[in-house]
>>> print(open('upload26.pdb').read())   # PDB, C-alpha atoms and all ligand atoms
ATOM      1  CA  MET A   3      69.979 293.973 221.260
ATOM      2  CA  GLN A   4      72.684 295.832 223.164
ATOM      3  CA  SER A   5      74.867 298.263 221.223
ATOM      4  CA  ASN A   6      77.324 299.195 223.971
ATOM      5  CA  TRP A   7      79.962 296.634 223.042
ATOM      6  CA  GLN A   8      82.845 299.105 222.932
ATOM      7  CA  HIS A   9      81.984 300.145 226.477
ATOM      8  CA  ASN A  10      81.731 296.494 227.505
ATOM      9  CA  THR A  11      85.068 295.556 225.921
ATOM     10  CA  ARG A  12      86.683 298.284 228.012
ATOM     11  CA  ASN A  13      85.002 296.682 231.010
ATOM     12  CA  THR A  14      87.633 294.031 231.144
ATOM     13  CA  LEU A  15      89.778 292.514 233.877
ATOM     14  CA  LYS A  16      93.459 292.964 233.103
ATOM     15  CA  GLY A  17      96.450 291.821 235.109
ATOM     16  CA  ALA A  18      96.786 289.509 238.101
ATOM     17  CA  ASN A  19      95.855 292.033 240.775
ATOM     18  CA  SER A  20      92.477 292.974 239.367
ATOM     19  CA  CYS A  21      91.679 289.295 238.671
ATOM     20  CA  ASN A  22      92.662 288.156 242.151
ATOM     21  CA  ASP A  23      90.484 290.931 243.589
ATOM     22  CA  PHE A  24      87.531 290.055 241.395
ATOM     23  CA  PHE A  25      87.699 286.305 242.008
ATOM     24  CA  GLN A  26      88.912 286.645 245.611
ATOM     25  CA  SER A  27      91.734 284.355 244.673
ATOM     26  CA  ASP A  28      95.513 284.199 244.610
ATOM     27  CA  GLN A  29      95.695 281.982 241.528
ATOM     28  CA  PHE A  30      96.456 284.715 239.014
ATOM     29  CA  LYS A  31     100.072 285.549 238.310
ATOM     30  CA  ASP A  32     101.294 287.821 235.519
ATOM     31  CA  ARG A  33     103.077 285.794 232.862
ATOM     32  CA  HIS A  34     104.247 286.557 229.319
ATOM     33  CA  PHE A  35     100.737 286.422 227.792
ATOM     34  CA  PRO A  36      98.848 289.191 229.594
ATOM     35  CA  ILE A  37      95.641 288.324 231.402
ATOM     36  CA  LYS A  38      92.520 289.750 229.779
ATOM     37  CA  ILE A  39      88.995 288.689 230.756
ATOM     38  CA  PRO A  40      85.882 290.604 229.693
ATOM     39  CA  LEU A  41      83.375 291.024 232.498
ATOM     40  CA  GLU A  42      80.647 289.464 230.378
ATOM     41  CA  PHE A  43      82.707 286.232 230.497
ATOM     42  CA  ALA A  44      84.010 286.669 234.062
ATOM     43  CA  ASN A  45      80.446 286.918 235.346
ATOM     44  CA  LEU A  46      79.729 283.402 234.063
ATOM     45  CA  ILE A  47      82.495 281.939 236.232
ATOM     46  CA  ASP A  48      81.641 280.320 239.564
ATOM     47  CA  LYS A  49      83.885 282.233 241.958
ATOM     48  CA  ASN A  50      83.595 279.457 244.520
ATOM     49  CA  ASN A  51      84.949 276.820 242.178
ATOM     50  CA  PRO A  52      88.717 276.938 241.571
ATOM     51  CA  ASP A  53      88.202 274.263 238.898
ATOM     52  CA  ASP A  54      85.586 276.223 236.989
ATOM     53  CA  PRO A  55      86.099 275.288 233.292
ATOM     54  CA  LEU A  56      85.868 278.904 232.140
ATOM     55  CA  LEU A  57      88.273 280.094 234.797
ATOM     56  CA  LYS A  58      90.848 277.499 233.782
ATOM     57  CA  GLN A  59      91.001 278.896 230.249
ATOM     58  CA  VAL A  60      92.141 282.331 231.408
ATOM     59  CA  ILE A  61      94.535 281.590 234.281
ATOM     60  CA  PRO A  62      98.183 281.729 233.180
ATOM     61  CA  PHE A  63     100.040 278.709 234.416
ATOM     62  CA  ARG A  64     103.713 277.903 234.480
ATOM     63  CA  SER A  65     103.959 274.232 233.720
ATOM     64  CA  ALA A  66     106.471 272.090 235.544
ATOM     65  CA  GLN A  67     106.762 270.104 232.335
ATOM     66  CA  ASN A  68     109.182 271.494 229.793
ATOM     67  CA  GLN A  69     108.144 269.512 226.759
ATOM     68  CA  ALA A  70     110.505 269.937 223.866
ATOM     69  CA  GLU A  71     107.785 269.721 221.218
ATOM     70  CA  PHE A  72     106.111 272.879 222.545
ATOM     71  CA  SER A  73     107.301 275.937 220.643
ATOM     72  CA  LEU A  74     106.631 279.654 220.379
ATOM     73  CA  SER A  75     104.907 279.316 216.991
ATOM     74  CA  PRO A  76     103.604 275.750 216.566
ATOM     75  CA  LEU A  77     101.854 276.330 213.231
ATOM     76  CA  GLY A  78     104.549 278.355 211.543
ATOM     77  CA  ASP A  79     102.024 280.915 210.289
ATOM     78  CA  GLU A  80     104.856 283.268 209.380
ATOM     79  CA  ASP A  81     106.177 280.693 206.870
ATOM     80  CA  ASN A  82     102.862 280.688 204.993
ATOM     81  CA  SER A  83     102.473 284.434 204.659
ATOM     82  CA  PRO A  84     103.434 285.484 201.120
ATOM     83  CA  VAL A  85     102.039 288.967 201.795
ATOM     84  CA  ALA A  86     101.914 290.694 205.183
ATOM     85  CA  GLY A  87      98.466 290.275 206.748
ATOM     86  CA  LEU A  88      97.593 287.215 204.630
ATOM     87  CA  ILE A  89      98.176 283.521 205.323
ATOM     88  CA  HIS A  90      97.811 281.079 202.438
ATOM     89  CA  LYS A  91      97.943 277.374 203.303
ATOM     90  CA  TYR A  92      95.170 275.829 201.201
ATOM     91  CA  PRO A  93      94.531 276.388 197.480
ATOM     92  CA  ASN A  94      90.934 277.628 197.711
ATOM     93  CA  ARG A  95      91.160 280.016 200.657
ATOM     94  CA  VAL A  96      93.245 282.647 202.372
ATOM     95  CA  LEU A  97      93.162 283.903 205.922
ATOM     96  CA  LEU A  98      93.491 287.588 206.715
ATOM     97  CA  ILE A  99      94.998 288.889 209.950
ATOM     98  CA  THR A 100      92.600 291.738 210.534
ATOM     99  CA  SER A 101      93.440 292.761 214.077
ATOM    100  CA  ARG A 102      95.934 291.981 216.785
ATOM    101  CA  VAL A 103      93.294 292.531 219.458
ATOM    102  CA  CYS A 104      91.101 289.912 221.143
ATOM    103  CA  ALA A 105      88.283 290.440 223.612
ATOM    104  CA  ILE A 106      89.795 287.727 225.801
ATOM    105  CA  HIS A 107      93.214 286.154 226.168
ATOM    106  CA  CYS A 108      92.829 282.370 226.061
ATOM    107  CA  GLN A 109      95.885 280.912 227.728
ATOM    108  CA  TYR A 110      96.022 278.007 225.249
ATOM    109  CA  CYS A 111      96.105 280.332 222.209
ATOM    110  CA  PHE A 112      98.545 279.211 219.509
ATOM    111  CA  ARG A 113      98.997 282.827 218.388
ATOM    112  CA  GLN A 114      99.983 284.120 221.823
ATOM    113  CA  ASN A 115     103.540 284.696 220.585
ATOM    114  CA  PHE A 116     102.664 285.661 217.025
ATOM    115  CA  ASP A 117     104.498 288.752 215.846
ATOM    116  CA  TYR A 118     101.638 290.872 214.559
ATOM    117  CA  SER A 119     103.851 293.778 213.566
ATOM    118  CA  GLY A 120     103.197 294.563 209.932
ATOM    119  CA  HIS A 121     100.433 291.937 209.695
ATOM    120  CA  ASP A 122      97.478 294.229 209.226
ATOM    121  CA  ALA A 123      95.242 293.285 206.335
ATOM    122  CA  MET A 124      93.545 296.676 206.239
ATOM    123  CA  SER A 125      96.702 298.738 205.894
ATOM    124  CA  ASN A 126      98.220 296.279 203.417
ATOM    125  CA  TRP A 127      95.041 295.836 201.415
ATOM    126  CA  LEU A 128      96.391 296.764 197.969
ATOM    127  CA  ALA A 129      99.108 294.096 198.107
ATOM    128  CA  ILE A 130      96.598 291.579 199.473
ATOM    129  CA  GLU A 131      94.104 292.362 196.733
ATOM    130  CA  ASP A 132      96.809 291.907 194.076
ATOM    131  CA  TYR A 133      97.750 288.551 195.578
ATOM    132  CA  ILE A 134      94.164 287.290 195.711
ATOM    133  CA  ARG A 135      93.407 288.514 192.179
ATOM    134  CA  SER A 136      96.450 286.656 190.887
ATOM    135  CA  HIS A 137      95.253 283.382 192.477
ATOM    136  CA  GLN A 138      91.982 282.522 190.770
ATOM    137  CA  SER A 139      91.717 279.260 192.727
ATOM    138  CA  ILE A 140      90.883 281.271 195.852
ATOM    139  CA  ASN A 141      87.123 281.528 196.380
ATOM    140  CA  GLU A 142      86.969 282.046 200.128
ATOM    141  CA  VAL A 143      88.404 284.681 202.450
ATOM    142  CA  ILE A 144      88.625 283.999 206.168
ATOM    143  CA  LEU A 145      88.747 286.895 208.604
ATOM    144  CA  SER A 146      90.874 286.044 211.592
ATOM    145  CA  GLY A 147      93.119 287.837 214.039
ATOM    146  CA  GLY A 148      93.378 288.329 216.915
ATOM    147  CA  ASP A 149      89.654 288.677 216.556
ATOM    148  CA  PRO A 150      88.117 290.328 213.472
ATOM    149  CA  LEU A 151      85.160 291.509 215.534
ATOM    150  CA  SER A 152      87.472 293.714 217.570
ATOM    151  CA  LEU A 153      87.364 295.979 214.500
ATOM    152  CA  SER A 154      84.655 298.626 214.422
ATOM    153  CA  ASP A 155      81.624 297.951 212.243
ATOM    154  CA  GLU A 156      82.795 300.736 209.915
ATOM    155  CA  LYS A 157      86.185 299.108 209.345
ATOM    156  CA  LEU A 158      84.569 295.719 208.872
ATOM    157  CA  ALA A 159      82.166 297.201 206.355
ATOM    158  CA  GLN A 160      85.083 298.644 204.374
ATOM    159  CA  LEU A 161      86.927 295.339 204.444
ATOM    160  CA  ILE A 162      83.861 293.427 203.299
ATOM    161  CA  ARG A 163      83.290 295.909 200.458
ATOM    162  CA  ASN A 164      86.897 295.404 199.385
ATOM    163  CA  ILE A 165      86.453 291.630 199.357
ATOM    164  CA  GLU A 166      83.112 291.803 197.548
ATOM    165  CA  ASN A 167      84.866 293.647 194.703
ATOM    166  CA  ILE A 168      86.990 290.609 193.864
ATOM    167  CA  GLU A 169      84.789 288.659 191.483
ATOM    168  CA  HIS A 170      86.100 285.155 192.227
ATOM    169  CA  ILE A 171      85.554 285.455 195.987
ATOM    170  CA  LYS A 172      82.218 283.891 196.832
ATOM    171  CA  ILE A 173      82.501 282.996 200.515
ATOM    172  CA  LEU A 174      83.370 285.086 203.540
ATOM    173  CA  ARG A 175      84.208 283.183 206.692
ATOM    174  CA  VAL A 176      84.529 284.971 210.020
ATOM    175  CA  HIS A 177      86.238 283.262 212.956
ATOM    176  CA  SER A 178      85.463 284.984 216.224
ATOM    177  CA  ARG A 179      85.544 284.204 219.917
ATOM    178  CA  SER A 180      84.268 287.707 220.744
ATOM    179  CA  MET A 181      80.724 286.719 219.911
ATOM    180  CA  VAL A 182      80.443 284.363 222.864
ATOM    181  CA  VAL A 183      82.746 286.083 225.370
ATOM    182  CA  THR A 184      81.313 289.568 224.678
ATOM    183  CA  PRO A 185      77.882 288.872 223.154
ATOM    184  CA  SER A 186      77.047 292.581 223.228
ATOM    185  CA  ARG A 187      79.443 292.738 220.238
ATOM    186  CA  ILE A 188      76.628 291.299 218.106
ATOM    187  CA  THR A 189      75.128 294.697 217.309
ATOM    188  CA  ASP A 190      72.305 295.475 214.899
ATOM    189  CA  LYS A 191      74.888 297.039 212.578
ATOM    190  CA  LEU A 192      77.042 293.921 212.611
ATOM    191  CA  VAL A 193      74.046 291.701 211.905
ATOM    192  CA  LYS A 194      73.037 293.930 208.985
ATOM    193  CA  LEU A 195      76.575 293.954 207.648
ATOM    194  CA  LEU A 196      76.884 290.178 207.581
ATOM    195  CA  THR A 197      73.359 289.363 206.470
ATOM    196  CA  LYS A 198      73.219 291.904 203.621
ATOM    197  CA  THR A 199      76.503 291.211 201.840
ATOM    198  CA  ALA A 200      76.376 289.476 198.459
ATOM    199  CA  LEU A 201      78.962 287.005 199.762
ATOM    200  CA  LYS A 202      77.919 283.718 201.335
ATOM    201  CA  VAL A 203      78.802 284.142 204.989
ATOM    202  CA  VAL A 204      79.967 281.449 207.366
ATOM    203  CA  LEU A 205      80.330 282.496 210.991
ATOM    204  CA  VAL A 206      82.518 280.264 213.106
ATOM    205  CA  THR A 207      82.113 280.745 216.824
ATOM    206  CA  HIS A 208      84.746 279.496 219.244
ATOM    207  CA  ILE A 209      83.044 277.923 222.241
ATOM    208  CA  ASN A 210      84.748 275.307 224.397
ATOM    209  CA  HIS A 211      82.160 274.705 227.094
ATOM    210  CA  ALA A 212      78.371 274.984 227.335
ATOM    211  CA  ASN A 213      78.742 277.293 230.367
ATOM    212  CA  GLU A 214      80.104 279.989 228.032
ATOM    213  CA  VAL A 215      76.718 280.258 226.342
ATOM    214  CA  SER A 216      74.861 283.123 228.047
ATOM    215  CA  GLU A 217      71.261 284.218 227.578
ATOM    216  CA  VAL A 218      72.442 287.408 225.843
ATOM    217  CA  PHE A 219      74.508 285.350 223.409
ATOM    218  CA  ILE A 220      71.542 283.077 222.647
ATOM    219  CA  GLN A 221      69.332 286.059 221.987
ATOM    220  CA  ASN A 222      71.859 287.905 219.812
ATOM    221  CA  ILE A 223      73.188 284.988 217.770
ATOM    222  CA  GLY A 224      69.597 284.229 216.789
ATOM    223  CA  ASN A 225      69.621 287.413 214.692
ATOM    224  CA  PHE A 226      72.006 285.906 212.142
ATOM    225  CA  THR A 227      69.362 284.462 209.892
ATOM    226  CA  ASN A 228      70.457 283.026 206.503
ATOM    227  CA  ILE A 229      74.023 282.609 207.730
ATOM    228  CA  THR A 230      75.771 279.307 208.279
ATOM    229  CA  LEU A 231      76.766 279.069 211.939
ATOM    230  CA  LEU A 232      79.492 276.638 212.920
ATOM    231  CA  ASN A 233      81.529 276.159 216.066
ATOM    232  CA  GLN A 234      85.078 275.154 216.737
ATOM    233  CA  SER A 235      86.395 274.086 220.123
ATOM    234  CA  VAL A 236      89.788 273.188 221.455
ATOM    235  CA  LEU A 237      90.077 269.978 223.452
ATOM    236  CA  LEU A 238      91.520 271.153 226.767
ATOM    237  CA  LYS A 239      92.501 269.112 229.781
ATOM    238  CA  GLY A 240      90.443 270.083 232.814
ATOM    239  CA  VAL A 241      88.030 272.143 230.705
ATOM    240  CA  ASN A 242      86.160 269.864 228.319
ATOM    241  CA  ASP A 243      88.020 266.529 228.207
ATOM    242  CA  ASP A 244      85.144 264.346 229.305
ATOM    243  CA  LEU A 245      82.255 262.819 227.418
ATOM    244  CA  GLY A 246      79.435 264.496 229.356
ATOM    245  CA  THR A 247      80.896 267.975 228.835
ATOM    246  CA  LEU A 248      81.382 267.439 225.096
ATOM    247  CA  GLU A 249      77.866 266.005 224.731
ATOM    248  CA  ARG A 250      76.333 268.963 226.565
ATOM    249  CA  LEU A 251      78.281 271.392 224.390
ATOM    250  CA  SER A 252      77.126 269.797 221.121
ATOM    251  CA  LEU A 253      73.500 269.646 222.271
ATOM    252  CA  LYS A 254      73.590 273.242 223.498
ATOM    253  CA  LEU A 255      75.075 274.454 220.227
ATOM    254  CA  PHE A 256      72.473 272.608 218.188
ATOM    255  CA  ASP A 257      69.729 273.990 220.375
ATOM    256  CA  ILE A 258      70.745 277.546 219.455
ATOM    257  CA  GLY A 259      71.296 276.903 215.762
ATOM    258  CA  ILE A 260      75.057 276.290 215.639
ATOM    259  CA  LEU A 261      76.565 273.096 214.257
ATOM    260  CA  PRO A 262      79.652 271.609 215.969
ATOM    261  CA  TYR A 263      82.340 271.726 213.270
ATOM    262  CA  TYR A 264      85.840 271.180 214.614
ATOM    263  CA  LEU A 265      87.263 269.802 217.837
ATOM    264  CA  HIS A 266      90.903 270.853 217.707
ATOM    265  CA  MET A 267      93.739 269.063 219.358
ATOM    266  CA  LEU A 268      95.791 271.547 221.335
ATOM    267  CA  ASP A 269      98.392 273.387 219.289
ATOM    268  CA  LYS A 270     101.644 272.865 221.132
ATOM    269  CA  VAL A 271     102.485 276.405 222.098
ATOM    270  CA  LYS A 272     104.793 277.133 225.013
ATOM    271  CA  GLY A 273     102.815 278.009 228.124
ATOM    272  CA  ALA A 274      99.905 275.691 227.276
ATOM    273  CA  GLU A 275     101.517 272.363 228.223
ATOM    274  CA  HIS A 276      99.045 271.766 231.067
ATOM    275  CA  PHE A 277      96.092 271.695 228.642
ATOM    276  CA  LEU A 278      97.439 268.761 226.616
ATOM    277  CA  ILE A 279      95.670 265.405 226.500
ATOM    278  CA  SER A 280      97.093 262.397 224.721
ATOM    279  CA  ASP A 281      96.061 261.398 221.194
ATOM    280  CA  GLU A 282      94.779 258.071 222.566
ATOM    281  CA  ARG A 283      92.490 259.778 225.059
ATOM    282  CA  ALA A 284      91.244 262.257 222.452
ATOM    283  CA  ILE A 285      90.467 259.502 219.970
ATOM    284  CA  GLN A 286      88.650 257.487 222.637
ATOM    285  CA  LEU A 287      86.573 260.517 223.641
ATOM    286  CA  HIS A 288      85.714 261.171 220.021
ATOM    287  CA  GLN A 289      84.692 257.539 219.500
ATOM    288  CA  ASP A 290      82.480 257.730 222.577
ATOM    289  CA  LEU A 291      80.931 260.918 221.285
ATOM    290  CA  LYS A 292      80.149 259.214 217.970
ATOM    291  CA  SER A 293      78.393 256.427 219.852
ATOM    292  CA  SER A 294      76.309 258.740 221.988
ATOM    293  CA  LEU A 295      75.279 261.507 219.560
ATOM    294  CA  SER A 296      73.848 261.708 216.062
ATOM    295  CA  GLY A 297      76.558 262.167 213.444
ATOM    296  CA  TYR A 298      75.702 265.801 212.701
ATOM    297  CA  LEU A 299      76.380 266.688 216.330
ATOM    298  CA  VAL A 300      79.877 265.211 216.367
ATOM    299  CA  PRO A 301      82.620 267.710 215.473
ATOM    300  CA  LYS A 302      85.581 266.530 213.406
ATOM    301  CA  LEU A 303      88.603 265.828 215.570
ATOM    302  CA  VAL A 304      91.477 267.650 213.882
ATOM    303  CA  ARG A 305      94.988 268.828 214.355
ATOM    304  CA  ASP A 306      96.615 271.719 212.509
ATOM    305  CA  GLU A 307     100.100 270.830 211.457
ATOM    306  CA  ASN A 308     103.088 272.973 210.659
ATOM    307  CA  LEU A 309     102.373 271.939 207.098
ATOM    308  CA  LYS A 310      99.983 273.075 204.430
ATOM    309  CA  SER A 311      97.372 270.641 205.694
ATOM    310  CA  LYS A 312      94.957 269.818 208.450
ATOM    311  CA  THR A 313      95.044 266.251 209.767
ATOM    312  CA  TRP A 314      91.799 264.494 210.573
ATOM    313  CA  ILE A 315      92.425 262.190 213.439
TER     314      ILE A 315
HETATM  315  S1  LIG B 401      90.276 284.780 221.026
HETATM  316 FE1  LIG B 401      91.309 283.385 219.615
HETATM  317  S2  LIG B 401      93.101 284.514 218.859
HETATM  318 FE2  LIG B 401      92.352 285.555 220.721
HETATM  319  S3  LIG B 401      93.496 284.691 222.447
HETATM  320 FE3  LIG B 401      91.607 283.496 222.258
HETATM  321  S4  LIG B 401      92.158 281.781 220.922
HETATM  322 FE4  LIG B 401      93.745 283.351 220.661
END
>>> encode(input="upload26.pdb", output="structure tokens")
Amino acid sequence: MQSNWQHNTRNTLKGANSCNDFFQSDQFKDRHFPIKIPLEFANLIDKNNPDDPLLKQVIPFRSAQNQAEFSLSPLGDEDNSPVAGLIHKYPNRVLLITSRVCAIHCQYCFRQNFDYSGHDAMSNWLAIEDYIRSHQSINEVILSGGDPLSLSDEKLAQLIRNIENIEHIKILRVHSRSMVVTPSRITDKLVKLLTKTALKVVLVTHINHANEVSEVFIQNIGNFTNITLLNQSVLLKGVNDDLGTLERLSLKLFDIGILPYYLHMLDKVKGAEHFLISDERAIQLHQDLKSSLSGYLVPKLVRDENLKSKTWI
């Protein structure tokens, strides 16, 4: 297993010029959400295909459509943050903002305008611990970001120790896109950390297309024995909005030990208008998927609302 992930994360394309050079293209333009593409991901892109589904996720695009329902913060995370660094929407679980950094900048990201200042779970841990201890209904902590795996293994270890010390927390969930876009991040230390904790661990990968799944990822993700592995995807126009692509993704995930969990409708964040598909089309695709795959391979089609709930479509 590779252990040079910090070197690899520095090996990242940033800004339009370096991307246009790398892809021999003129498609990249600098917009408000800076371009960031790790080479491990960039190398999976077919440079001769301007419609490559991985490429489309990282190219900033100024939409001609100016749809009023698209906003800077579609989920209103800030409104559900009783303590800086913690988001509490559902009774049994809280989400911690552990890092503002991501290995990649996905141009559909609903947090692309999120104001991370002050939202650092590590530096605000005492207040977060007090909050969790005073809410006994919470049994699960979700590490989110940015990407929690942009933290060093040492910082993650400290955070996990802190969480383990709260008796009523039984489940640790980690949401990370780093694992697939920089699979060298899955180090021996990280595997040990997540497989040895007393908490039940659920790892949620974020994979939108089967082409993102590299040989290194397959090899490294296989080291997470005794951990529940789930995947969430976002339904994106021009990336994965056809039956064959969604079928291949589910089958690929199952093949490597990951269960398809959620298929998210796009969160309506400004700058991502071009990724939107209609509810009718999404529901039809999901129906078709149910007809063509076994039930356990069909992710739930969901939409996060600016409410304390998730809607199942
Ligand atoms: S990795 Fe996740 S949080 Fe980071 S830009 Fe992509 S979708 Fe957003």
>>> residues_around(input="upload26.pdb", residues="region 117-119 of chain A", least_positions_apart="6", cutoff="9 Å", atoms="only C-alpha atoms", output="ChimeraX atom specification")
/A:80,87,99,101-102,148
>>> residues_near_ligand(input="upload26.pdb", ligand="ligand LIG 401 (chain B)", cutoff="7 Å", atoms="only C-alpha atoms and all ligand atoms", output="ChimeraX atom specification")
/A:104-114,147-149,178-180
>>> resolve_selection(input="upload26.pdb", expression="the PyMOL selection byres (((chain A and resi 237) around 7) and not hetatm)", output="ChimeraX atom specification")
/A:235-236,238-239,242-243,265-268
>>> closest_residue(input="upload26.pdb", among="A:Ile144, A:Ile171, A:Val183, A:Leu158", to="Leu205 (chain A)", atoms="only C-alpha atoms")
A:Ile144
>>> closest_residue(input="upload26.pdb", among="A:Val241, A:Ile61, A:Leu232, A:Leu192", to="His211 (chain A)", atoms="all atoms listed in the file")
A:Val241
>>> resolve_selection(input="upload26.pdb", expression="the PyMOL selection byres (((chain A and resi 50-52) around 10) and not hetatm)", output="PyMOL selection string")
chain A and resi 25-27+29+47-49+53-55+57-58
>>> write_last_selection(input="upload26.pdb", atoms="C-alpha atoms", output="mmCIF file, keeping the file's coordinate frame")
data_model
loop_
_atom_site.group_PDB
_atom_site.id
_atom_site.type_symbol
_atom_site.label_atom_id
_atom_site.label_comp_id
_atom_site.auth_asym_id
_atom_site.auth_seq_id
_atom_site.Cartn_x
_atom_site.Cartn_y
_atom_site.Cartn_z
ATOM 1 C CA PHE A 25 87.699 286.305 242.008
ATOM 2 C CA GLN A 26 88.912 286.645 245.611
ATOM 3 C CA SER A 27 91.734 284.355 244.673
ATOM 4 C CA GLN A 29 95.695 281.982 241.528
ATOM 5 C CA ILE A 47 82.495 281.939 236.232
ATOM 6 C CA ASP A 48 81.641 280.320 239.564
ATOM 7 C CA LYS A 49 83.885 282.233 241.958
ATOM 8 C CA ASP A 53 88.202 274.263 238.898
ATOM 9 C CA ASP A 54 85.586 276.223 236.989
ATOM 10 C CA PRO A 55 86.099 275.288 233.292
ATOM 11 C CA LEU A 57 88.273 280.094 234.797
ATOM 12 C CA LYS A 58 90.848 277.499 233.782
#
>>> axis_aligned_box(input="upload26.pdb", around="region 95-109 of chain A", padding_each_side="8 Å", output="AutoDock Vina command-line options")
--center_x 92.1 --center_y 286.4 --center_z 214.2 --size_x 23.7 --size_y 28.7 --size_z 43.1
>>> residues_near_point(input="upload26.pdb", point="(100.1, 286.6, 199.4)", cutoff="9 Å", atoms="only C-alpha atoms", output="ChimeraX atom specification")
/A:82-90,96,129-134
>>> closest_residue(input="upload26.pdb", among="A:Asp269, A:Glu142, A:Asn115, A:Phe226", to="Leu196 (chain A)", atoms="only C-alpha atoms")
A:Phe226
>>> atom_distance(input="upload26.pdb", atom1="CA of His208 (chain A)", atom2="CA of Met181 (chain A)")
8.3 Å
